[in-house]
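A.B. asks: Coordinates in final_30.txt, compact mmCIF, C-alpha atoms, are listed below.
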```txt
# COMPACT_ATOMS: atom_id res chain seq x y z
CA MET A 1 16.13 -3.95 -23.66
CA THR A 2 13.47 -1.41 -24.62
CA ALA A 3 9.83 -2.46 -24.74
CA SER A 4 7.88 -1.94 -27.95
CA PRO A 5 4.93 0.49 -28.03
CA ALA A 6 1.72 -1.13 -26.78
CA ARG A 7 -1.07 -1.83 -29.24
CA LEU A 8 -4.77 -2.33 -28.60
CA VAL A 9 -5.82 -5.96 -29.22
CA VAL A 10 -9.34 -5.98 -27.71
CA ASP A 11 -11.35 -2.75 -27.85
CA ALA A 12 -13.55 -4.01 -25.03
CA HIS A 13 -14.56 -0.74 -23.37
CA ALA A 14 -14.56 -2.69 -20.11
CA VAL A 15 -15.81 -0.82 -17.07
CA THR A 16 -13.03 -2.23 -14.88
CA GLY A 17 -10.70 -4.39 -16.98
CA GLU A 18 -8.47 -6.36 -14.61
CA GLY A 19 -6.70 -9.54 -13.58
CA PRO A 20 -5.02 -10.93 -16.75
CA VAL A 21 -3.47 -14.40 -16.42
CA TRP A 22 -1.83 -16.41 -19.20
CA CYS A 23 -2.61 -20.09 -19.72
CA GLU A 24 0.51 -21.69 -21.17
CA ARG A 25 -1.33 -24.95 -21.94
CA GLU A 26 -3.91 -23.40 -24.25
CA GLN A 27 -1.97 -20.22 -25.16
CA VAL A 28 -4.84 -17.92 -24.19
CA LEU A 29 -5.25 -15.01 -21.81
CA TRP A 30 -7.97 -14.94 -19.16
CA TRP A 31 -9.06 -11.55 -17.78
CA VAL A 32 -12.09 -9.92 -16.15
CA ASP A 33 -14.27 -6.83 -16.19
CA ILE A 34 -14.94 -6.49 -12.47
CA ASP A 35 -17.86 -4.07 -12.47
CA GLY A 36 -19.17 -5.34 -15.79
CA GLY A 37 -19.47 -8.85 -14.30
CA GLN A 38 -17.69 -10.32 -17.32
CA LEU A 39 -15.13 -13.11 -17.60
CA HIS A 40 -13.02 -12.92 -20.79
CA CYS A 41 -10.72 -15.30 -22.67
CA PHE A 42 -8.54 -13.80 -25.42
CA ASP A 43 -6.90 -15.98 -28.07
CA PRO A 44 -4.04 -14.07 -29.75
CA SER A 45 -3.77 -16.66 -32.53
CA ASN A 46 -7.04 -15.43 -34.06
CA GLY A 47 -7.71 -12.20 -32.16
CA LYS A 48 -11.00 -13.49 -30.74
CA ASP A 49 -12.14 -12.56 -27.24
CA GLN A 50 -14.82 -14.79 -25.73
CA ASN A 51 -16.75 -13.56 -22.72
CA TRP A 52 -19.27 -14.81 -20.16
CA ASP A 53 -21.73 -12.73 -18.11
CA LEU A 54 -21.49 -14.04 -14.53
CA GLY A 55 -24.30 -11.95 -13.08
CA GLU A 56 -22.16 -10.31 -10.37
CA SER A 57 -18.83 -8.56 -10.08
CA VAL A 58 -15.85 -10.84 -10.72
CA ALA A 59 -12.63 -9.58 -9.17
CA CYS A 60 -10.03 -11.99 -10.49
CA VAL A 61 -9.49 -15.29 -12.26
CA GLN A 62 -6.80 -17.93 -11.75
CA LEU A 63 -6.00 -21.22 -13.45
CA ARG A 64 -6.82 -24.64 -11.96
CA GLU A 65 -4.51 -27.64 -12.08
CA GLU A 66 -7.49 -29.86 -12.96
CA GLY A 67 -8.67 -27.55 -15.75
CA GLY A 68 -11.04 -24.65 -15.88
CA VAL A 69 -10.57 -21.63 -13.68
CA VAL A 70 -11.18 -20.46 -10.13
CA LEU A 71 -12.75 -17.06 -9.47
CA ALA A 72 -13.07 -14.52 -6.71
CA LEU A 73 -16.58 -13.15 -7.19
CA LYS A 74 -18.28 -10.50 -5.06
CA SER A 75 -20.00 -13.31 -3.17
CA GLY A 76 -16.86 -15.39 -2.69
CA PHE A 77 -14.74 -18.11 -4.28
CA ALA A 78 -16.06 -20.32 -7.08
CA PHE A 79 -15.00 -22.71 -9.82
CA PHE A 80 -16.01 -21.95 -13.41
CA ASP A 81 -16.24 -24.49 -16.24
CA PRO A 82 -15.85 -22.62 -19.56
CA THR A 83 -17.19 -25.61 -21.50
CA THR A 84 -20.57 -25.72 -19.75
CA GLY A 85 -20.69 -22.26 -18.17
CA ALA A 86 -21.37 -23.87 -14.78
CA ILE A 87 -20.38 -22.07 -11.57
CA GLU A 88 -19.58 -24.13 -8.46
CA ARG A 89 -19.55 -21.95 -5.35
CA LEU A 90 -16.92 -22.78 -2.74
CA ALA A 91 -16.72 -20.25 0.11
CA THR A 92 -18.40 -16.95 1.08
CA PRO A 93 -16.02 -15.50 3.69
CA GLU A 94 -17.52 -12.00 3.71
CA ALA A 95 -21.25 -12.64 3.73
CA HIS A 96 -21.29 -10.38 6.80
CA GLU A 97 -19.77 -7.47 4.79
CA PRO A 98 -22.30 -6.64 2.03
CA CYS A 99 -20.44 -3.42 1.13
CA ASN A 100 -17.19 -5.28 0.44
CA ARG A 101 -16.08 -7.12 -2.68
CA PHE A 102 -12.97 -9.04 -3.71
CA ASN A 103 -10.46 -7.05 -5.74
CA ASP A 104 -7.21 -8.89 -6.54
CA GLY A 105 -5.68 -12.32 -6.16
CA ALA A 106 -2.79 -14.64 -6.97
CA VAL A 107 -1.86 -18.30 -6.55
CA ASP A 108 1.33 -19.19 -4.66
CA THR A 109 3.86 -21.90 -5.51
CA ARG A 110 2.00 -24.37 -3.25
CA GLY A 111 -1.24 -24.05 -5.23
CA ARG A 112 -3.09 -21.84 -2.73
CA PHE A 113 -5.30 -19.01 -3.97
CA TRP A 114 -4.80 -15.72 -2.09
CA ALA A 115 -7.36 -12.94 -2.66
CA GLY A 116 -8.08 -9.62 -0.99
CA THR A 117 -11.22 -7.57 -0.47
CA MET A 118 -12.03 -3.87 -0.49
CA ARG A 119 -14.82 -1.54 0.59
CA MET A 120 -16.90 -0.41 -2.38
CA HIS A 121 -17.83 2.89 -0.68
CA LYS A 122 -15.08 4.44 1.44
CA HIS A 123 -16.67 7.63 2.78
CA GLY A 124 -16.28 8.14 6.52
CA ILE A 125 -15.54 4.56 7.48
CA GLN A 126 -12.68 2.41 8.66
CA PRO A 127 -10.80 0.08 6.28
CA THR A 128 -12.56 -3.27 6.13
CA GLY A 129 -10.50 -5.07 3.47
CA ALA A 130 -8.93 -8.42 4.31
CA VAL A 131 -6.77 -11.12 2.71
CA TYR A 132 -8.07 -14.69 2.44
CA ARG A 133 -6.35 -17.92 1.45
CA LEU A 134 -8.21 -20.73 -0.29
CA ASP A 135 -6.29 -23.99 0.15
CA PRO A 136 -6.47 -26.86 -2.36
CA ASP A 137 -8.67 -28.80 0.08
CA GLY A 138 -11.24 -25.98 -0.02
CA ARG A 139 -10.48 -24.56 3.41
CA CYS A 140 -10.76 -20.74 3.45
CA THR A 141 -8.74 -18.77 6.04
CA ARG A 142 -8.69 -15.06 6.86
CA MET A 143 -4.98 -14.20 6.89
CA MET A 144 -4.77 -10.39 7.36
CA ASP A 145 -7.15 -7.46 7.69
CA GLY A 146 -7.39 -3.69 8.17
CA PHE A 147 -6.87 -2.64 4.53
CA TRP A 148 -8.64 -0.22 2.21
CA THR A 149 -7.97 -1.74 -1.22
CA ILE A 150 -5.93 -4.94 -1.54
CA ASN A 151 -4.01 -4.92 -4.80
CA GLY A 152 -0.77 -5.91 -6.55
CA MET A 153 -0.68 -9.52 -5.38
CA ALA A 154 2.21 -11.58 -6.77
CA PHE A 155 4.78 -14.15 -5.64
CA SER A 156 8.52 -14.39 -6.26
CA PRO A 157 9.71 -17.28 -8.47
CA ASP A 158 10.91 -19.29 -5.44
CA GLY A 159 7.74 -18.58 -3.46
CA THR A 160 9.53 -16.93 -0.55
CA LYS A 161 8.23 -13.39 -1.17
CA PHE A 162 4.60 -12.26 -1.29
CA TYR A 163 4.00 -8.82 -2.75
CA PHE A 164 0.82 -6.79 -2.32
CA SER A 165 -0.23 -3.19 -1.90
CA ASP A 166 -3.01 -1.10 -0.39
CA SER A 167 -3.81 1.24 -3.27
CA THR A 168 -6.01 3.71 -1.43
CA ALA A 169 -3.49 4.20 1.36
CA LYS A 170 -0.85 5.51 -1.07
CA ASP A 171 -0.57 9.11 -2.21
CA LEU A 172 1.65 8.80 -5.28
CA ALA A 173 1.46 9.70 -8.95
CA GLY A 174 0.41 6.44 -10.53
CA ARG A 175 -0.98 4.66 -7.49
CA PRO A 176 -0.07 0.95 -7.29
CA ASP A 177 -2.59 -1.32 -8.93
CA GLY A 178 -2.06 -4.87 -10.23
CA GLY A 179 1.34 -6.53 -9.88
CA ALA A 180 3.37 -9.25 -11.61
CA VAL A 181 6.80 -10.80 -11.07
CA ASP A 182 9.05 -11.73 -13.99
CA ALA A 183 11.44 -14.68 -14.31
CA GLU A 184 14.29 -12.61 -12.85
CA GLY A 185 12.28 -11.89 -9.70
CA PHE A 186 11.63 -8.22 -10.50
CA TYR A 187 8.22 -6.81 -9.54
CA TRP A 188 6.07 -4.93 -12.07
CA MET A 189 3.47 -2.43 -10.91
CA ALA A 190 0.66 -1.03 -13.04
CA GLY A 191 0.55 2.64 -12.13
CA ILE A 192 -3.13 3.46 -12.38
CA THR A 193 -3.75 7.15 -13.26
CA GLY A 194 -0.03 7.40 -14.06
CA GLY A 195 -0.14 5.67 -17.46
CA GLU A 196 2.98 3.58 -16.99
CA LEU A 197 4.32 0.20 -15.95
CA VAL A 198 7.07 0.35 -13.34
CA ARG A 199 9.64 -2.42 -12.82
CA PHE A 200 11.25 -2.70 -9.37
CA THR A 201 14.31 -4.67 -8.37
CA PRO A 202 13.90 -7.21 -5.54
CA ALA A 203 15.49 -4.57 -3.30
CA GLY A 204 12.75 -2.06 -4.16
CA ALA A 205 14.62 0.28 -6.51
CA ILE A 206 12.99 1.42 -9.76
CA ASP A 207 14.63 -0.42 -12.65
CA ARG A 208 12.62 0.93 -15.59
CA ILE A 209 9.42 2.68 -16.56
CA VAL A 210 7.34 1.68 -19.60
CA PRO A 211 4.78 4.27 -20.83
CA MET A 212 1.33 3.09 -21.88
CA PRO A 213 -1.24 4.69 -24.22
CA VAL A 214 -3.91 4.91 -21.50
CA LYS A 215 -3.66 6.52 -18.09
CA ARG A 216 -5.67 4.03 -16.08
CA LEU A 217 -3.93 0.73 -16.71
CA THR A 218 -4.68 -1.91 -14.09
CA LYS A 219 -2.52 -5.02 -14.38
CA LEU A 220 0.21 -6.75 -16.42
CA ALA A 221 0.52 -10.43 -17.31
CA PHE A 222 3.35 -12.13 -19.17
CA GLY A 223 2.22 -14.33 -22.05
CA GLY A 224 2.99 -15.58 -25.51
CA PRO A 225 4.94 -18.71 -26.50
CA ASP A 226 8.07 -17.59 -24.63
CA LEU A 227 6.33 -15.50 -21.93
CA SER A 228 7.93 -12.24 -23.12
CA THR A 229 4.75 -10.60 -24.40
CA GLY A 230 3.02 -8.22 -22.01
CA TYR A 231 -0.77 -8.06 -21.78
CA VAL A 232 -2.20 -5.08 -19.92
CA THR A 233 -5.80 -4.43 -18.85
CA SER A 234 -7.25 -0.99 -18.25
CA LEU A 235 -10.08 0.95 -16.66
CA GLY A 236 -12.78 2.25 -18.97
CA GLY A 237 -16.43 2.95 -18.41
CA ASN A 238 -18.28 6.01 -19.63
CA ASN A 239 -16.03 8.53 -17.93
CA TRP A 240 -12.84 8.29 -19.99
CA GLN A 241 -13.35 11.80 -21.39
CA GLU A 242 -13.90 13.28 -17.93
CA SER A 243 -10.75 11.55 -16.69
CA GLY A 244 -8.71 12.83 -19.64
CA ASP A 245 -7.99 9.28 -20.81
CA ALA A 246 -7.81 7.91 -24.36
CA PRO A 247 -10.84 6.45 -26.20
CA GLU A 248 -9.17 3.00 -26.03
CA SER A 249 -9.45 2.99 -22.22
CA GLY A 250 -11.06 -0.21 -20.98
CA GLY A 251 -9.26 -2.16 -23.68
CA LEU A 252 -6.70 -4.96 -23.58
CA PHE A 253 -3.21 -4.03 -24.77
CA GLU A 254 -0.24 -6.07 -25.98
CA LEU A 255 3.46 -5.17 -26.10
CA ALA A 256 6.80 -6.90 -26.49
CA LEU A 257 8.66 -6.44 -23.21
CA GLY A 258 11.92 -8.21 -24.03
CA ILE A 259 11.82 -9.75 -20.56
CA LYS A 260 10.36 -13.15 -19.76
CA GLY A 261 7.74 -13.81 -17.14
CA GLN A 262 6.88 -16.91 -15.13
CA VAL A 263 4.43 -19.68 -15.91
CA ALA A 264 1.36 -18.85 -13.82
CA ASN A 265 0.92 -20.90 -10.66
CA ARG A 266 -2.25 -23.03 -10.70
CA TYR A 267 -4.72 -23.53 -7.91
CA GLY A 268 -4.28 -27.08 -6.65
CA GLY A 269 -7.93 -27.86 -5.98
```
Could you write out this file's structure as structure tokens?
C.D. replies:
Amino acid sequence: MTASPARLVVDAHAVTGEGPVWCEREQVLWWVDIDGGQLHCFDPSNGKDQNWDLGESVACVQLREEGGVVLALKSGFAFFDPTTGAIERLATPEAHEPCNRFNDGAVDTRGRFWAGTMRMHKHGIQPTGAVYRLDPDGRCTRMMDGFWTINGMAFSPDGTKFYFSDSTAKDLAGRPDGGAVDAEGFYWMAGITGGELVRFTPAGAIDRIVPMPVKRLTKLAFGGPDLSTGYVTSLGGNNWQESGDAPESGGLFELALGIKGQVANRYGG
């Protein structure tokens, strides 16, 4: 089935739009502007996009089983209550790495929040990015390290496969950015600078390519009542003209994919 052309639903002009995740309970989409320090919540029923200024970079957002959301901020993991705006800080695993920040994350089928870090300035240094796991009991464990830019985190429907990429280490047209897995177990990559979504089979073969109206798309989430609507974030900032991108860069886009996604896993804590 062919996807419909994407349309702009939030002309946010985000600096680094990222990390969309669909809440099936409230039928809203959470997403972030990493470098803008903004947490967003888009309601497609009325087209409104609410946002909160968190005072620091916010890499990704995930849903909580108990309500509210859990974040990976520059300083570490935290809970956020959208009703009160309160932030409850949980763990600061990279206080010793002031030049690092979190970049991408996903929750597995056991309710554990996995998130990876990256170096903000990469000139003449070794890769310092690592992957951390925040368990429902609040324990934070360093799982892997030695990466430049952790990205593309997603889990297969049965929880047996964990996908992720190191964006900076690749030299491809449309470097791998955010990832998502649909209900059939196929992996979707947002090809940043390439202007397209790429769907891979579980064996790693390219299944289809979906063009997007901006070059620097960052991540796909499946949403809508039947989880067949795609929501795609993008990179914006003040340099879209220099990058040759469209004026809508930094916006949130919507398209009918004709393929269903999964209900997002929720952090168990």
A.B. asks: Find the residues of stretch 75-178 of chain A that sit at most 9 Å from stretch 19-35 of chain A; for each, write down the nearest two atoms and how far apart they are in Å, to one decimal. Count only C-alpha atoms. Sort by chain, then by number going up, and give it as JSON lines.
C.D. replies:
```
{"residue": "A:Asn103", "atom": "CA", "partner": "A:Ile34", "partner_atom": "CA", "distance": 8.1}
{"residue": "A:Asp104", "atom": "CA", "partner": "A:Gly19", "partner_atom": "CA", "distance": 7.1}
{"residue": "A:Gly105", "atom": "CA", "partner": "A:Gly19", "partner_atom": "CA", "distance": 8.0}
{"residue": "A:Gly178", "atom": "CA", "partner": "A:Gly19", "partner_atom": "CA", "distance": 7.4}
```
A.B. asks: As a list of chain:residue names, please: the residues near A:Gly129 (cut-off 6 Å, only C-alpha atoms, same-chain neighbours under 3 positions excluded).
C.D. replies: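 Using only C-alpha atoms, the neighbours found are A:Thr117, A:Met118, A:Asp145, A:Gly146, A:Phe147, A:Trp148.
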A.B. asks: Nearest residue to A:Pro5 out of A:Tyr267, A:Phe253, A:Phe77, A:Tyr163, using only C-alpha atoms?
C.D. replies: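 Ranking A:Tyr267, A:Phe253, A:Phe77, A:Tyr163 by distance to A:Pro5, first place goes to A:Phe253.
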A.B. asks: Which neighbours of A:Gly269 fall inside 10 Å, counting only C-alpha atoms, when residues of the same chain fewer than 6 positions from it are skipped, and could you give them as a list in words?
C.D. replies: Arg64, Glu65, Glu66, Gly67, Val70, Phe79, Gly111, Arg112, Phe113, Leu134, Asp135, Pro136, Asp137 and Gly138 of chain A
A.B. asks: Between atom CA of A:Ala190 and atom CA of A:Asp49, measure the distance and give it in Å to one decimal.
C.D. replies: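 So the two atoms, atom CA of A:Ala190 and atom CA of A:Asp49, lie 22.3 Å apart.
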A.B. asks: Measuring atom to atom with all atoms listed in the file, identify which of A:Thr218, A:Ser45, A:Thr83, A:Thr141 is nearest to A:Pro176.
C.D. replies: A:Thr218
A.B. asks: Which residues, written as a PDB file with C-alpha atoms, in the frame of the given file, have at least one atom at most 12 Å from A:Gly76, with all atoms listed in the file counted and residues fewer than 3 positions away on the same chain left out?
C.D. replies:
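Result written to selection.pdb:
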```
ATOM      1  CA  GLU A  56     -22.160 -10.310 -10.370  1.00  0.00           C
ATOM      2  CA  SER A  57     -18.830  -8.560 -10.080  1.00  0.00           C
ATOM      3  CA  VAL A  58     -15.850 -10.840 -10.720  1.00  0.00           C
ATOM      4  CA  ALA A  59     -12.630  -9.580  -9.170  1.00  0.00           C
ATOM      5  CA  CYS A  60     -10.030 -11.990 -10.490  1.00  0.00           C
ATOM      6  CA  VAL A  70     -11.180 -20.460 -10.130  1.00  0.00           C
ATOM      7  CA  LEU A  71     -12.750 -17.060  -9.470  1.00  0.00           C
ATOM      8  CA  ALA A  72     -13.070 -14.520  -6.710  1.00  0.00           C
ATOM      9  CA  LEU A  73     -16.580 -13.150  -7.190  1.00  0.00           C
ATOM     10  CA  PHE A  79     -15.000 -22.710  -9.820  1.00  0.00           C
ATOM     11  CA  ILE A  87     -20.380 -22.070 -11.570  1.00  0.00           C
ATOM     12  CA  GLU A  88     -19.580 -24.130  -8.460  1.00  0.00           C
ATOM     13  CA  ARG A  89     -19.550 -21.950  -5.350  1.00  0.00           C
ATOM     14  CA  LEU A  90     -16.920 -22.780  -2.740  1.00  0.00           C
ATOM     15  CA  ALA A  91     -16.720 -20.250   0.110  1.00  0.00           C
ATOM     16  CA  THR A  92     -18.400 -16.950   1.080  1.00  0.00           C
ATOM     17  CA  PRO A  93     -16.020 -15.500   3.690  1.00  0.00           C
ATOM     18  CA  GLU A  94     -17.520 -12.000   3.710  1.00  0.00           C
ATOM     19  CA  ALA A  95     -21.250 -12.640   3.730  1.00  0.00           C
ATOM     20  CA  HIS A  96     -21.290 -10.380   6.800  1.00  0.00           C
ATOM     21  CA  GLU A  97     -19.770  -7.470   4.790  1.00  0.00           C
ATOM     22  CA  PRO A  98     -22.300  -6.640   2.030  1.00  0.00           C
ATOM     23  CA  ASN A 100     -17.190  -5.280   0.440  1.00  0.00           C
ATOM     24  CA  ARG A 101     -16.080  -7.120  -2.680  1.00  0.00           C
ATOM     25  CA  PHE A 102     -12.970  -9.040  -3.710  1.00  0.00           C
ATOM     26  CA  ASN A 103     -10.460  -7.050  -5.740  1.00  0.00           C
ATOM     27  CA  ALA A 115      -7.360 -12.940  -2.660  1.00  0.00           C
ATOM     28  CA  GLY A 116      -8.080  -9.620  -0.990  1.00  0.00           C
ATOM     29  CA  THR A 117     -11.220  -7.570  -0.470  1.00  0.00           C
ATOM     30  CA  TYR A 132      -8.070 -14.690   2.440  1.00  0.00           C
ATOM     31  CA  ARG A 133      -6.350 -17.920   1.450  1.00  0.00           C
ATOM     32  CA  LEU A 134      -8.210 -20.730  -0.290  1.00  0.00           C
ATOM     33  CA  CYS A 140     -10.760 -20.740   3.450  1.00  0.00           C
TER      34      CYS A 140
END
```
A.B. asks: List as a PDB file with C-alpha atoms, keeping the file's coordinate frame the protein and nucleic acid residues near stretch 231-235 of chain A, meaning an atom at most 10 Å away when all atoms listed in the file are counted, but skip any in the same chain fewer than 4 places from it.
C.D. replies:
```
ATOM      1  CA  ALA A   6       1.720  -1.130 -26.780  1.00  0.00           C
ATOM      2  CA  ARG A   7      -1.070  -1.830 -29.240  1.00  0.00           C
ATOM      3  CA  LEU A   8      -4.770  -2.330 -28.600  1.00  0.00           C
ATOM      4  CA  VAL A   9      -5.820  -5.960 -29.220  1.00  0.00           C
ATOM      5  CA  VAL A  10      -9.340  -5.980 -27.710  1.00  0.00           C
ATOM      6  CA  ALA A  12     -13.550  -4.010 -25.030  1.00  0.00           C
ATOM      7  CA  HIS A  13     -14.560  -0.740 -23.370  1.00  0.00           C
ATOM      8  CA  ALA A  14     -14.560  -2.690 -20.110  1.00  0.00           C
ATOM      9  CA  VAL A  15     -15.810  -0.820 -17.070  1.00  0.00           C
ATOM     10  CA  THR A  16     -13.030  -2.230 -14.880  1.00  0.00           C
ATOM     11  CA  GLY A  17     -10.700  -4.390 -16.980  1.00  0.00           C
ATOM     12  CA  GLU A  18      -8.470  -6.360 -14.610  1.00  0.00           C
ATOM     13  CA  GLY A  19      -6.700  -9.540 -13.580  1.00  0.00           C
ATOM     14  CA  PRO A  20      -5.020 -10.930 -16.750  1.00  0.00           C
ATOM     15  CA  VAL A  21      -3.470 -14.400 -16.420  1.00  0.00           C
ATOM     16  CA  TRP A  22      -1.830 -16.410 -19.200  1.00  0.00           C
ATOM     17  CA  LEU A  29      -5.250 -15.010 -21.810  1.00  0.00           C
ATOM     18  CA  TRP A  31      -9.060 -11.550 -17.780  1.00  0.00           C
ATOM     19  CA  VAL A  32     -12.090  -9.920 -16.150  1.00  0.00           C
ATOM     20  CA  ASP A  33     -14.270  -6.830 -16.190  1.00  0.00           C
ATOM     21  CA  ILE A  34     -14.940  -6.490 -12.470  1.00  0.00           C
ATOM     22  CA  GLY A 178      -2.060  -4.870 -10.230  1.00  0.00           C
ATOM     23  CA  ALA A 190       0.660  -1.030 -13.040  1.00  0.00           C
ATOM     24  CA  ILE A 192      -3.130   3.460 -12.380  1.00  0.00           C
ATOM     25  CA  THR A 193      -3.750   7.150 -13.260  1.00  0.00           C
ATOM     26  CA  GLY A 195      -0.140   5.670 -17.460  1.00  0.00           C
ATOM     27  CA  LEU A 197       4.320   0.200 -15.950  1.00  0.00           C
ATOM     28  CA  MET A 212       1.330   3.090 -21.880  1.00  0.00           C
ATOM     29  CA  VAL A 214      -3.910   4.910 -21.500  1.00  0.00           C
ATOM     30  CA  LYS A 215      -3.660   6.520 -18.090  1.00  0.00           C
ATOM     31  CA  ARG A 216      -5.670   4.030 -16.080  1.00  0.00           C
ATOM     32  CA  LEU A 217      -3.930   0.730 -16.710  1.00  0.00           C
ATOM     33  CA  THR A 218      -4.680  -1.910 -14.090  1.00  0.00           C
ATOM     34  CA  LYS A 219      -2.520  -5.020 -14.380  1.00  0.00           C
ATOM     35  CA  LEU A 220       0.210  -6.750 -16.420  1.00  0.00           C
ATOM     36  CA  ALA A 221       0.520 -10.430 -17.310  1.00  0.00           C
ATOM     37  CA  PHE A 222       3.350 -12.130 -19.170  1.00  0.00           C
ATOM     38  CA  GLY A 223       2.220 -14.330 -22.050  1.00  0.00           C
ATOM     39  CA  GLY A 224       2.990 -15.580 -25.510  1.00  0.00           C
ATOM     40  CA  ASN A 239     -16.030   8.530 -17.930  1.00  0.00           C
ATOM     41  CA  TRP A 240     -12.840   8.290 -19.990  1.00  0.00           C
ATOM     42  CA  ASP A 245      -7.990   9.280 -20.810  1.00  0.00           C
ATOM     43  CA  GLU A 248      -9.170   3.000 -26.030  1.00  0.00           C
ATOM     44  CA  SER A 249      -9.450   2.990 -22.220  1.00  0.00           C
ATOM     45  CA  GLY A 250     -11.060  -0.210 -20.980  1.00  0.00           C
ATOM     46  CA  GLY A 251      -9.260  -2.160 -23.680  1.00  0.00           C
ATOM     47  CA  LEU A 252      -6.700  -4.960 -23.580  1.00  0.00           C
ATOM     48  CA  PHE A 253      -3.210  -4.030 -24.770  1.00  0.00           C
ATOM     49  CA  GLU A 254      -0.240  -6.070 -25.980  1.00  0.00           C
ATOM     50  CA  LEU A 255       3.460  -5.170 -26.100  1.00  0.00           C
ATOM     51  CA  ALA A 256       6.800  -6.900 -26.490  1.00  0.00           C
ATOM     52  CA  LEU A 257       8.660  -6.440 -23.210  1.00  0.00           C
TER      53      LEU A 257
END
```
A.B. asks: Neighbours of A:Arg199 within 10 Å (only C-alpha atoms; same-chain residues fewer than 5 positions away dropped), as a ChimeraX atom specification?
C.D. replies: /A:179-182,186-190,204-210
A.B. asks: To one decimal place, how far is atom CA of A:Arg266 from atom CA of A:Thr201 in Å?
C.D. replies: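 Here the two named atoms are 24.8 Å from each other.
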A.B. asks: From the options A:Ala78, A:Ala106, A:Val263, A:Ala203, which residue's atoms come nearest to A:Ala154, counting only C-alpha atoms?
C.D. replies: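 Once distances to A:Ala154 are computed over only C-alpha atoms, the minimum belongs to A:Ala106.
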A.B. asks: One decimal, in Å: what's the spacing between atom CA of A:Cys41 and atom CA of A:Met153?
C.D. replies: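 Computing the Euclidean distance for atom CA of A:Cys41 and atom CA of A:Met153 yields 20.8 Å.
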